[in-house]
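K.L.:
Structure supplied as target_38.cif; contents: mmCIF, C-alpha atoms.
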```
data_model
#
loop_
_atom_site.label_atom_id
_atom_site.label_comp_id
_atom_site.auth_asym_id
_atom_site.auth_seq_id
_atom_site.Cartn_x
_atom_site.Cartn_y
_atom_site.Cartn_z
CA MET A 1 27.73 33.73 -6.76
CA THR A 2 29.73 33.28 -9.93
CA GLY A 3 31.55 36.40 -11.09
CA ALA A 4 30.33 39.93 -10.52
CA PRO A 5 26.89 40.98 -11.69
CA HIS A 6 26.99 43.27 -14.67
CA GLY A 7 24.62 45.83 -13.14
CA GLY A 8 24.63 49.42 -14.25
CA ALA A 9 22.72 51.09 -17.05
CA GLY A 10 21.90 48.83 -19.97
CA GLY A 11 22.41 45.57 -18.09
CA LEU A 12 19.74 42.96 -18.64
CA ARG A 13 18.56 41.15 -15.53
CA ILE A 14 16.73 37.87 -16.03
CA ALA A 15 15.08 36.29 -13.01
CA ALA A 16 14.46 32.58 -13.38
CA VAL A 17 13.17 29.67 -11.34
CA GLY A 18 11.65 26.27 -12.01
CA ASP A 19 10.24 23.41 -9.99
CA ILE A 20 8.20 25.52 -7.62
CA HIS A 21 5.64 22.66 -7.41
CA VAL A 22 2.79 24.77 -6.13
CA GLY A 23 -0.06 22.85 -4.51
CA ALA A 24 -3.71 23.80 -4.20
CA ALA A 25 -3.21 25.01 -0.63
CA GLY A 26 -1.17 28.04 -1.67
CA THR A 27 2.38 29.28 -2.07
CA ASP A 28 4.85 31.53 -0.34
CA LEU A 29 5.88 32.94 -3.71
CA VAL A 30 3.36 35.80 -3.75
CA GLU A 31 5.36 37.48 -1.02
CA LEU A 32 8.75 36.39 -2.33
CA TRP A 33 8.08 37.69 -5.86
CA ALA A 34 6.49 40.98 -4.77
CA ASP A 35 9.59 43.19 -5.20
CA LEU A 36 10.95 41.36 -8.20
CA ASP A 37 11.05 44.53 -10.31
CA SER A 38 13.81 45.91 -8.08
CA HIS A 39 15.96 42.88 -8.96
CA ALA A 40 15.05 41.90 -12.53
CA ASP A 41 13.46 42.95 -15.83
CA VAL A 42 11.63 39.69 -16.52
CA LEU A 43 10.76 36.42 -14.77
CA LEU A 44 11.23 33.12 -16.59
CA LEU A 45 9.54 30.00 -15.18
CA ALA A 46 11.24 26.75 -16.19
CA GLY A 47 8.37 24.32 -15.72
CA ASP A 48 6.99 22.16 -12.90
CA LEU A 49 4.98 25.10 -11.73
CA THR A 50 2.38 22.82 -10.14
CA LYS A 51 2.46 19.70 -8.00
CA ARG A 52 0.25 17.44 -10.15
CA GLY A 53 -0.87 19.63 -13.04
CA THR A 54 -4.43 20.34 -11.91
CA LEU A 55 -6.40 23.43 -12.82
CA ARG A 56 -6.76 24.34 -9.14
CA GLU A 57 -2.99 24.30 -8.67
CA ALA A 58 -2.50 26.30 -11.86
CA GLU A 59 -4.91 28.92 -10.57
CA VAL A 60 -2.75 29.32 -7.46
CA VAL A 61 0.35 29.77 -9.64
CA ALA A 62 -1.55 32.18 -11.88
CA ALA A 63 -2.66 34.28 -8.92
CA ALA A 64 0.96 34.54 -7.77
CA ALA A 65 2.23 35.33 -11.27
CA ALA A 66 -0.41 38.04 -11.72
CA THR A 67 1.18 40.01 -8.88
CA VAL A 68 4.68 39.92 -10.39
CA PRO A 69 5.60 43.46 -11.47
CA VAL A 70 7.62 42.37 -14.55
CA PRO A 71 6.69 40.26 -17.62
CA VAL A 72 6.44 36.53 -16.91
CA VAL A 73 7.28 33.86 -19.50
CA ALA A 74 6.90 30.14 -18.78
CA VAL A 75 7.19 26.63 -20.11
CA LEU A 76 5.43 23.66 -18.55
CA GLY A 77 7.16 20.70 -16.94
CA ASN A 78 6.29 17.05 -16.51
CA HIS A 79 4.34 17.75 -13.31
CA ASP A 80 2.20 20.26 -15.18
CA VAL A 81 1.00 17.62 -17.65
CA HIS A 82 0.51 14.81 -15.11
CA SER A 83 -3.28 15.20 -14.80
CA GLY A 84 -3.93 15.62 -18.51
CA GLN A 85 -5.17 19.17 -17.90
CA GLU A 86 -2.35 21.03 -19.61
CA ALA A 87 -4.74 23.03 -21.80
CA GLU A 88 -6.53 24.27 -18.68
CA VAL A 89 -3.20 24.94 -16.95
CA VAL A 90 -1.99 27.00 -19.91
CA ASP A 91 -5.27 28.88 -20.10
CA ALA A 92 -5.17 29.78 -16.40
CA LEU A 93 -1.62 31.09 -16.74
CA GLN A 94 -2.36 33.05 -19.88
CA ARG A 95 -5.39 34.69 -18.27
CA ALA A 96 -3.01 35.91 -15.56
CA GLY A 97 -0.81 37.51 -18.21
CA VAL A 98 1.84 34.80 -18.38
CA THR A 99 3.26 34.02 -21.82
CA VAL A 100 3.39 30.23 -22.07
CA LEU A 101 5.77 28.79 -24.67
CA GLU A 102 5.75 25.29 -26.20
CA GLY A 103 7.71 25.12 -29.41
CA THR A 104 7.12 28.85 -29.74
CA GLY A 105 8.99 32.07 -29.10
CA CYS A 106 8.30 35.62 -28.03
CA THR A 107 10.20 38.90 -27.93
CA LEU A 108 10.23 41.55 -25.23
CA GLU A 109 11.81 45.00 -25.14
CA LEU A 110 13.85 44.96 -21.97
CA ALA A 111 16.76 47.12 -20.81
CA GLY A 112 16.95 48.78 -24.23
CA ALA A 113 17.28 45.51 -26.11
CA CYS A 114 15.05 43.10 -27.97
CA VAL A 115 15.09 39.88 -25.95
CA GLY A 116 13.91 36.73 -27.71
CA ILE A 117 12.81 33.72 -25.70
CA ALA A 118 12.21 30.32 -27.28
CA GLY A 119 10.57 27.75 -25.06
CA VAL A 120 9.74 24.08 -24.93
CA LYS A 121 9.16 21.56 -22.17
CA GLY A 122 11.70 19.18 -23.67
CA PHE A 123 12.10 15.54 -22.77
CA GLY A 124 14.56 12.87 -21.69
CA GLY A 125 16.69 10.71 -23.95
CA GLY A 126 20.18 10.97 -22.53
CA PHE A 127 23.57 12.32 -23.42
CA PRO A 128 26.60 11.15 -25.37
CA GLY A 129 27.67 7.77 -24.05
CA SER A 130 24.27 6.92 -22.62
CA SER A 131 21.67 8.19 -25.05
CA CYS A 132 18.63 6.27 -26.29
CA ALA A 133 18.24 5.32 -29.95
CA ASP A 134 15.23 4.84 -32.21
CA PHE A 135 15.46 1.06 -32.06
CA GLY A 136 13.66 -1.92 -30.62
CA GLU A 137 10.34 -1.84 -28.81
CA PRO A 138 7.63 0.63 -29.84
CA GLU A 139 7.76 2.08 -26.32
CA MET A 140 11.47 2.87 -26.70
CA LYS A 141 10.92 4.35 -30.13
CA ALA A 142 8.11 6.52 -28.77
CA PHE A 143 10.42 7.76 -26.02
CA VAL A 144 13.10 8.74 -28.52
CA HIS A 145 10.59 10.25 -30.94
CA ALA A 146 9.28 12.49 -28.14
CA ALA A 147 12.79 13.78 -27.44
CA ARG A 148 13.50 14.45 -31.10
CA ALA A 149 10.13 16.13 -31.69
CA SER A 150 10.64 18.38 -28.72
CA SER A 151 14.10 19.36 -29.90
CA SER A 152 12.79 20.06 -33.41
CA ALA A 153 10.08 22.25 -31.91
CA LEU A 154 12.71 24.20 -30.00
CA ALA A 155 14.78 24.59 -33.18
CA GLY A 156 11.76 26.08 -34.94
CA ALA A 157 11.08 28.45 -32.08
CA LEU A 158 14.69 29.62 -31.99
CA ALA A 159 14.73 30.13 -35.76
CA SER A 160 11.64 32.34 -35.52
CA LEU A 161 13.40 34.88 -33.32
CA ASP A 162 15.02 38.08 -34.57
CA ALA A 163 16.43 39.54 -31.39
CA ASP A 164 19.50 41.05 -29.76
CA VAL A 165 19.53 38.50 -26.97
CA VAL A 166 18.34 34.91 -27.47
CA VAL A 167 17.33 32.71 -24.54
CA ALA A 168 16.29 29.06 -24.66
CA LEU A 169 13.81 28.28 -21.87
CA LEU A 170 13.33 24.58 -21.10
CA HIS A 171 12.24 22.25 -18.35
CA TYR A 172 14.47 19.31 -19.31
CA ALA A 173 18.23 19.79 -19.45
CA PRO A 174 20.13 20.43 -22.69
CA CYS A 175 23.48 19.39 -21.22
CA GLN A 176 24.81 16.97 -18.65
CA GLY A 177 26.93 19.43 -16.69
CA THR A 178 23.98 20.87 -14.80
CA LEU A 179 22.89 17.36 -13.82
CA VAL A 180 26.01 16.69 -11.77
CA GLY A 181 24.78 15.73 -8.32
CA GLU A 182 21.92 13.62 -9.65
CA PRO A 183 22.46 9.83 -9.86
CA GLU A 184 23.98 9.15 -13.29
CA GLY A 185 21.46 6.37 -13.79
CA ILE A 186 18.63 8.88 -14.17
CA HIS A 187 20.37 11.43 -16.41
CA ALA A 188 18.60 9.99 -19.47
CA PHE A 189 15.31 10.94 -17.81
CA LEU A 190 16.42 14.47 -17.02
CA GLY A 191 17.31 15.75 -20.47
CA CYS A 192 18.78 14.99 -23.86
CA TYR A 193 21.68 16.13 -25.98
CA GLN A 194 19.41 16.97 -28.91
CA LEU A 195 18.11 20.00 -27.01
CA GLY A 196 21.71 21.17 -26.61
CA GLU A 197 22.39 20.63 -30.29
CA VAL A 198 19.64 23.03 -31.35
CA VAL A 199 20.58 25.58 -28.67
CA ASP A 200 24.13 25.52 -30.05
CA ALA A 201 23.05 25.65 -33.69
CA ALA A 202 20.96 28.73 -33.00
CA GLY A 203 23.81 30.49 -31.22
CA ALA A 204 21.66 31.21 -28.17
CA ASP A 205 23.14 33.44 -25.50
CA LEU A 206 22.01 31.20 -22.69
CA ALA A 207 19.83 28.23 -21.84
CA ILE A 208 17.73 27.87 -18.72
CA HIS A 209 16.18 24.67 -17.40
CA GLY A 210 14.89 23.00 -14.25
CA HIS A 211 13.86 19.39 -13.45
CA ALA A 212 17.12 18.32 -11.78
CA HIS A 213 16.56 19.08 -8.09
CA ALA A 214 19.93 17.73 -6.99
CA GLY A 215 21.86 19.07 -9.96
CA THR A 216 24.34 21.89 -10.44
CA ARG A 217 23.52 25.55 -11.01
CA ARG A 218 25.77 26.35 -13.95
CA ALA A 219 27.46 24.51 -16.80
CA ALA A 220 27.54 24.81 -20.61
CA THR A 221 26.31 22.92 -23.64
CA GLU A 222 28.76 21.00 -25.83
CA GLY A 223 28.95 24.16 -27.97
CA GLY A 224 29.67 26.39 -24.99
CA VAL A 225 26.30 28.08 -24.43
CA PRO A 226 26.02 29.01 -20.72
CA THR A 227 23.34 26.82 -19.17
CA PHE A 228 21.64 27.35 -15.83
CA ASN A 229 19.69 24.84 -13.77
CA VAL A 230 17.19 27.03 -11.94
CA ALA A 231 15.25 24.34 -10.07
CA ARG A 232 14.27 25.97 -6.79
CA PRO A 233 15.87 23.22 -4.68
CA VAL A 234 19.17 23.92 -6.47
CA LEU A 235 18.89 27.69 -5.97
CA GLY A 236 17.81 27.61 -2.34
CA ALA A 237 15.93 30.78 -3.24
CA PRO A 238 12.67 31.83 -4.93
CA TYR A 239 14.60 32.75 -8.10
CA THR A 240 18.06 33.53 -9.40
CA VAL A 241 19.07 36.65 -11.30
CA LEU A 242 21.18 36.26 -14.45
CA HIS A 243 22.98 39.39 -15.63
CA LEU A 244 23.74 39.87 -19.33
CA ASP A 245 25.26 42.66 -21.35
CA PRO A 246 22.87 43.04 -24.32
CA VAL A 247 25.43 45.10 -26.24
CA ARG A 248 27.86 42.20 -26.24
CA CYS A 249 25.09 39.76 -27.15
CA ARG A 250 23.99 41.86 -30.11
CA GLU A 251 27.54 42.47 -31.31
CA ARG A 252 28.24 38.77 -31.15
CA ARG A 253 25.09 38.02 -33.12
CA HIS A 254 24.99 40.90 -35.61
CA GLY A 255 28.33 42.61 -35.37
CA ALA A 256 26.52 45.90 -34.75
CA THR A 257 25.74 48.32 -31.95
CA VAL A 258 22.71 47.62 -29.84
CA ARG A 259 19.73 49.71 -30.86
CA MET B 1 3.17 -2.78 -3.39
CA SER B 2 5.81 -2.59 -0.73
CA GLU B 3 6.20 -5.16 2.01
CA ALA B 4 8.12 -4.28 5.14
CA ASN B 5 10.12 -7.55 5.00
CA GLU B 6 11.12 -7.38 1.32
CA PRO B 7 14.79 -6.94 0.27
CA GLU B 8 16.07 -3.47 1.13
CA GLY B 9 16.77 -2.43 -2.47
CA TYR B 10 13.25 -3.24 -3.62
CA LEU B 11 11.72 -1.55 -0.61
CA SER B 12 13.80 1.57 -1.30
CA ALA B 13 12.53 1.69 -4.89
CA HIS B 14 8.92 1.16 -3.83
CA LEU B 15 9.14 3.90 -1.24
CA GLU B 16 10.61 6.38 -3.76
CA GLU B 17 7.80 5.51 -6.17
CA ALA B 18 5.23 6.07 -3.45
CA LEU B 19 6.61 9.53 -2.73
CA THR B 20 6.29 10.40 -6.42
CA GLU B 21 2.87 8.89 -7.01
CA ASP B 22 1.06 9.78 -3.78
CA ALA B 23 -0.85 13.02 -4.35
CA ARG B 24 0.02 14.27 -0.87
CA VAL B 25 3.73 14.45 -1.79
CA ALA B 26 4.27 14.14 -5.58
CA GLU B 27 8.02 14.72 -5.26
CA PRO B 28 10.10 12.54 -7.61
CA GLY B 29 13.39 14.00 -6.43
CA LEU B 30 13.43 12.39 -3.00
CA ARG B 31 15.84 9.56 -2.18
CA VAL B 32 15.11 6.73 0.23
CA GLU B 33 17.80 4.49 1.70
CA VAL B 34 16.84 1.39 3.64
CA ALA B 35 19.52 0.06 5.95
CA GLY B 36 18.59 -2.55 8.52
CA ALA B 37 16.02 -1.18 10.90
CA GLN B 38 16.28 2.33 9.52
CA VAL B 39 14.74 4.17 6.56
CA VAL B 40 16.36 7.50 5.67
CA VAL B 41 14.59 9.90 3.31
CA SER B 42 16.41 12.93 1.91
CA GLY B 43 15.97 15.66 -0.69
CA THR B 44 14.08 18.91 -0.98
CA VAL B 45 10.32 19.32 -0.69
CA SER B 46 8.41 22.40 -1.75
CA ASP B 47 6.78 23.35 1.54
CA ALA B 48 6.33 22.36 5.18
CA GLU B 49 2.99 20.70 4.49
CA ARG B 50 4.65 18.32 2.03
CA LYS B 51 7.43 17.52 4.52
CA GLU B 52 4.75 16.33 6.93
CA ALA B 53 3.13 14.34 4.13
CA VAL B 54 6.42 12.52 3.44
CA ALA B 55 6.36 11.12 6.94
CA GLU B 56 2.68 10.21 6.63
CA VAL B 57 3.15 8.34 3.37
CA LEU B 58 6.22 6.43 4.52
CA ALA B 59 4.81 5.61 7.96
CA ASP B 60 2.23 3.38 6.29
CA LEU B 61 4.89 1.49 4.34
CA VAL B 62 8.02 1.02 6.46
CA GLY B 63 6.59 -1.38 9.02
CA ASP B 64 8.65 -1.49 12.22
CA ARG B 65 11.64 0.32 10.73
CA ALA B 66 12.56 3.72 12.17
CA LEU B 67 12.02 6.62 9.80
CA VAL B 68 14.72 9.31 9.65
CA ASP B 69 13.47 12.38 7.80
CA ARG B 70 16.36 14.40 6.35
CA THR B 71 14.24 16.27 3.82
CA GLU B 72 14.55 20.04 3.62
CA VAL B 73 11.99 22.63 2.63
CA ALA B 74 12.89 24.61 -0.52
CA GLY B 75 14.87 27.70 0.36
CA SER B 76 13.69 31.27 0.48
CA GLY B 77 17.09 32.90 0.72
CA PRO B 78 18.28 35.94 -1.21
CA PRO B 79 18.35 35.39 -4.99
CA PRO B 80 21.78 34.21 -6.15
CA GLN B 81 23.30 36.44 -8.84
CA GLU B 82 25.15 35.12 -11.92
CA GLN B 83 27.02 36.98 -14.63
CA VAL B 84 26.38 35.25 -17.97
#
```
Would you mind writing the file's structure down as structure tokens?
P.N.:
Amino acid sequence: MTGAPHGGAGGLRIAAVGDIHVGAAGTDLVELWADLDSHADVLLLAGDLTKRGTLREAEVVAAAAATVPVPVVAVLGNHDVHSGQEAEVVDALQRAGVTVLEGTGCTLELAGACVGIAGVKGFGGGFPGSSCADFGEPEMKAFVHAARASSSALAGALASLDADVVVALLHYAPCQGTLVGEPEGIHAFLGCYQLGEVVDAAGADLAIHGHAHAGTRRAATEGGVPTFNVARPVLGAPYTVLHLDPVRCRERRHGATVR
Amino acid sequence: MSEANEPEGYLSAHLEEALTEDARVAEPGLRVEVAGAQVVVSGTVSDAERKEAVAEVLADLVGDRALVDRTEVAGSGPPPQEQV
């Protein structure tokens, strides 16, 4: 535990987890998420919800999400697109009431504040000192273009939000600090600095990602935005709860009192 | 394709790839170290069924080497709390 939870009236509680990798056989999360409303106001899912991105697996996730007693917002991860059925995966989740973001944003009224969430899967590409450039083979250029396109999509989603609290929800990491623990040689496949750049430019209040199973729970972008790696193997729990003070977030953003 | 008598580094890479690509496991975060007659696999898997599948997948590929399974099943402990 880092610091004391804010708690109390007006505190915003964000539950988050990624990399639950649910298979077709079922999941223990139905039981573990059942009392989530006593711990949090919303559940954010940071991608890799399924094992191999099949419709059957997505239906298991959707059935679990449908029982969650708070709003659920998700992005997909690389596992969720593995079988080329991402449209079906998204549809199954949406039918269960999950808001699925990909270069899009949504707002929710939670704890007396307007909470904006911008989401994108993201991509690899690396970080300062070991980032990939748009140069050389077409395959390398395509890799870099995917990272830049994903970051641009996140920038657009963040710009669309008018909210008291702004959250960036990703699967890939926007900073290297939360990757500590993973072999450095694979950091370029776990995230890219361009995601961090747009999170910083938008002045987001926090960023949430998964993907790095052996990474570190908490760090910050180059611009100082608190960033949380919520991959379930990192948490050792079915979700974490992040406590924010929406009054402080709104005052920082607008210089006004929270409505 | 892995061969039980190939250099340890290559075998390690092939075994990690197998654990990612085999539908029974599909876990890219697992690490495999090959040292002499021993193969050690570590990391976190999502459920007990997949932990069993790790052993199944590797058993077909490690030849006569002994398999040491140090994988853990993803935790279900109390949610950690963080003040942002």
K.L.:
Suppose a student applies the PyMOL selection byres ((chain B) within 12 of (chain A)) to this structure; what residues should they get, written as a PyMOL selection string?
P.N.:
chain B and resi 20-31+42-50+71-84
K.L.:
Which distance in Å separates CA of Ala64 (chain A) and CA of Ala173 (chain A), to one decimal?
P.N.:
25.5 Å
K.L.:
Pull out every residue that the PyMOL selection byres ((chain B and resi 67) around 8) matches in the shown coordinates and put them as a PyMOL selection string.
P.N.:
chain B and resi 38-41+55+58-59+62+65-66+68-69
K.L.:
With C-alpha atoms kept, could you save the residues just selected as a tab-separated table (two decimals), in the coordinates of the input?
P.N.:
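To be explicit, this is the file written out as selection-v6.tsv:
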```tsv
chain	number	residue	atom	x	y	z
B	38	GLN	CA	16.28	2.33	9.52
B	39	VAL	CA	14.74	4.17	6.56
B	40	VAL	CA	16.36	7.50	5.67
B	41	VAL	CA	14.59	9.90	3.31
B	55	ALA	CA	6.36	11.12	6.94
B	58	LEU	CA	6.22	6.43	4.52
B	59	ALA	CA	4.81	5.61	7.96
B	62	VAL	CA	8.02	1.02	6.46
B	65	ARG	CA	11.64	0.32	10.73
B	66	ALA	CA	12.56	3.72	12.17
B	68	VAL	CA	14.72	9.31	9.65
B	69	ASP	CA	13.47	12.38	7.80
```
K.L.:
Residues at most 12 Å from Val75 (chain A), counting all atoms listed in the file, excluding those fewer than 5 positions away in the same chain, as a short mmCIF file (atom, residue, chain, number, x, y, z; two decimals) with C-alpha atoms, in the frame of the given file?
P.N.:
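See selection06.cif below for the written result:
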```cif
data_model
loop_
_atom_site.label_atom_id
_atom_site.label_comp_id
_atom_site.auth_asym_id
_atom_site.auth_seq_id
_atom_site.Cartn_x
_atom_site.Cartn_y
_atom_site.Cartn_z
CA ALA A 16 14.46 32.58 -13.38
CA VAL A 17 13.17 29.67 -11.34
CA GLY A 18 11.65 26.27 -12.01
CA ASP A 19 10.24 23.41 -9.99
CA LEU A 43 10.76 36.42 -14.77
CA LEU A 44 11.23 33.12 -16.59
CA LEU A 45 9.54 30.00 -15.18
CA ALA A 46 11.24 26.75 -16.19
CA GLY A 47 8.37 24.32 -15.72
CA ASP A 48 6.99 22.16 -12.90
CA LEU A 49 4.98 25.10 -11.73
CA THR A 50 2.38 22.82 -10.14
CA ASP A 80 2.20 20.26 -15.18
CA VAL A 81 1.00 17.62 -17.65
CA GLU A 86 -2.35 21.03 -19.61
CA VAL A 89 -3.20 24.94 -16.95
CA VAL A 90 -1.99 27.00 -19.91
CA LEU A 93 -1.62 31.09 -16.74
CA GLN A 94 -2.36 33.05 -19.88
CA VAL A 98 1.84 34.80 -18.38
CA THR A 99 3.26 34.02 -21.82
CA VAL A 100 3.39 30.23 -22.07
CA LEU A 101 5.77 28.79 -24.67
CA GLU A 102 5.75 25.29 -26.20
CA GLY A 103 7.71 25.12 -29.41
CA THR A 104 7.12 28.85 -29.74
CA GLY A 105 8.99 32.07 -29.10
CA ILE A 117 12.81 33.72 -25.70
CA ALA A 118 12.21 30.32 -27.28
CA GLY A 119 10.57 27.75 -25.06
CA VAL A 120 9.74 24.08 -24.93
CA LYS A 121 9.16 21.56 -22.17
CA GLY A 122 11.70 19.18 -23.67
CA LEU A 154 12.71 24.20 -30.00
CA ALA A 168 16.29 29.06 -24.66
CA LEU A 169 13.81 28.28 -21.87
CA LEU A 170 13.33 24.58 -21.10
CA HIS A 171 12.24 22.25 -18.35
CA TYR A 172 14.47 19.31 -19.31
CA ILE A 208 17.73 27.87 -18.72
CA HIS A 209 16.18 24.67 -17.40
CA GLY A 210 14.89 23.00 -14.25
CA HIS A 211 13.86 19.39 -13.45
#
```
K.L.:
Give me, as a list in words, all polymer residues having an atom no more than 6 Å from Thr221 (chain A), counting all atoms listed in the file and skipping those fewer than 3 positions away in the same chain.
P.N.:
Cys175, Gly196, Gly224 and Val225 of chain A
K.L.:
So that I can see what lies close to Leu179 (chain A), please list as a PyMOL selection string the residues with an atom at most 7 Å from it, counting all atoms listed in the file and leaving out residues fewer than 5 positions away in the same chain.
P.N.:
chain A and resi 187+212+215-216
K.L.:
Need the shell around Pro7 (chain B): protein/DNA/RNA residues with any atom at most 12 Å away, counting all atoms listed in the file. Skip same-chain ones fewer than 5 positions apart. Format as a list in words?
P.N.:
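In the requested format, the answer is Ser2, Ser12, Ala13, His14, Glu33, Val34, Ala35 and Gly36 of chain B.
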K.L.:
Save out the residues we just selected, C-alpha atoms, as a CSV table (one decimal), in the coordinates of the input.
P.N.:
```
chain,number,residue,atom,x,y,z
B,2,SER,CA,5.8,-2.6,-0.7
B,12,SER,CA,13.8,1.6,-1.3
B,13,ALA,CA,12.5,1.7,-4.9
B,14,HIS,CA,8.9,1.2,-3.8
B,33,GLU,CA,17.8,4.5,1.7
B,34,VAL,CA,16.8,1.4,3.6
B,35,ALA,CA,19.5,0.1,6.0
B,36,GLY,CA,18.6,-2.6,8.5
```
K.L.:
Would you compute, for all listed atoms of region 215-233 of chain A, the axis-aligned bounding box grown by 3 Å on each side, and then report its centre and edge lengths in Å rounded to one decimal, as lines of an AutoDock Vina configuration file?
P.N.:
```
center_x = 22.0
center_y = 24.0
center_z = -16.3
size_x = 21.4
size_y = 15.9
size_z = 29.3
```
K.L.:
Would you compute the distance between CA of Gly129 (chain A) and CA of Ala219 (chain A)? Give it in Å to one decimal.
P.N.:
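Rounded to one decimal, the two atoms are 18.2 Å apart.
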K.L.:
At what distance in Å, to one decimal, does CA of Gly191 (chain A) lie from CA of Pro174 (chain A)?
P.N.:
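Going from CA of Pro174 (chain A) over to CA of Gly191 (chain A) covers 5.9 Å.
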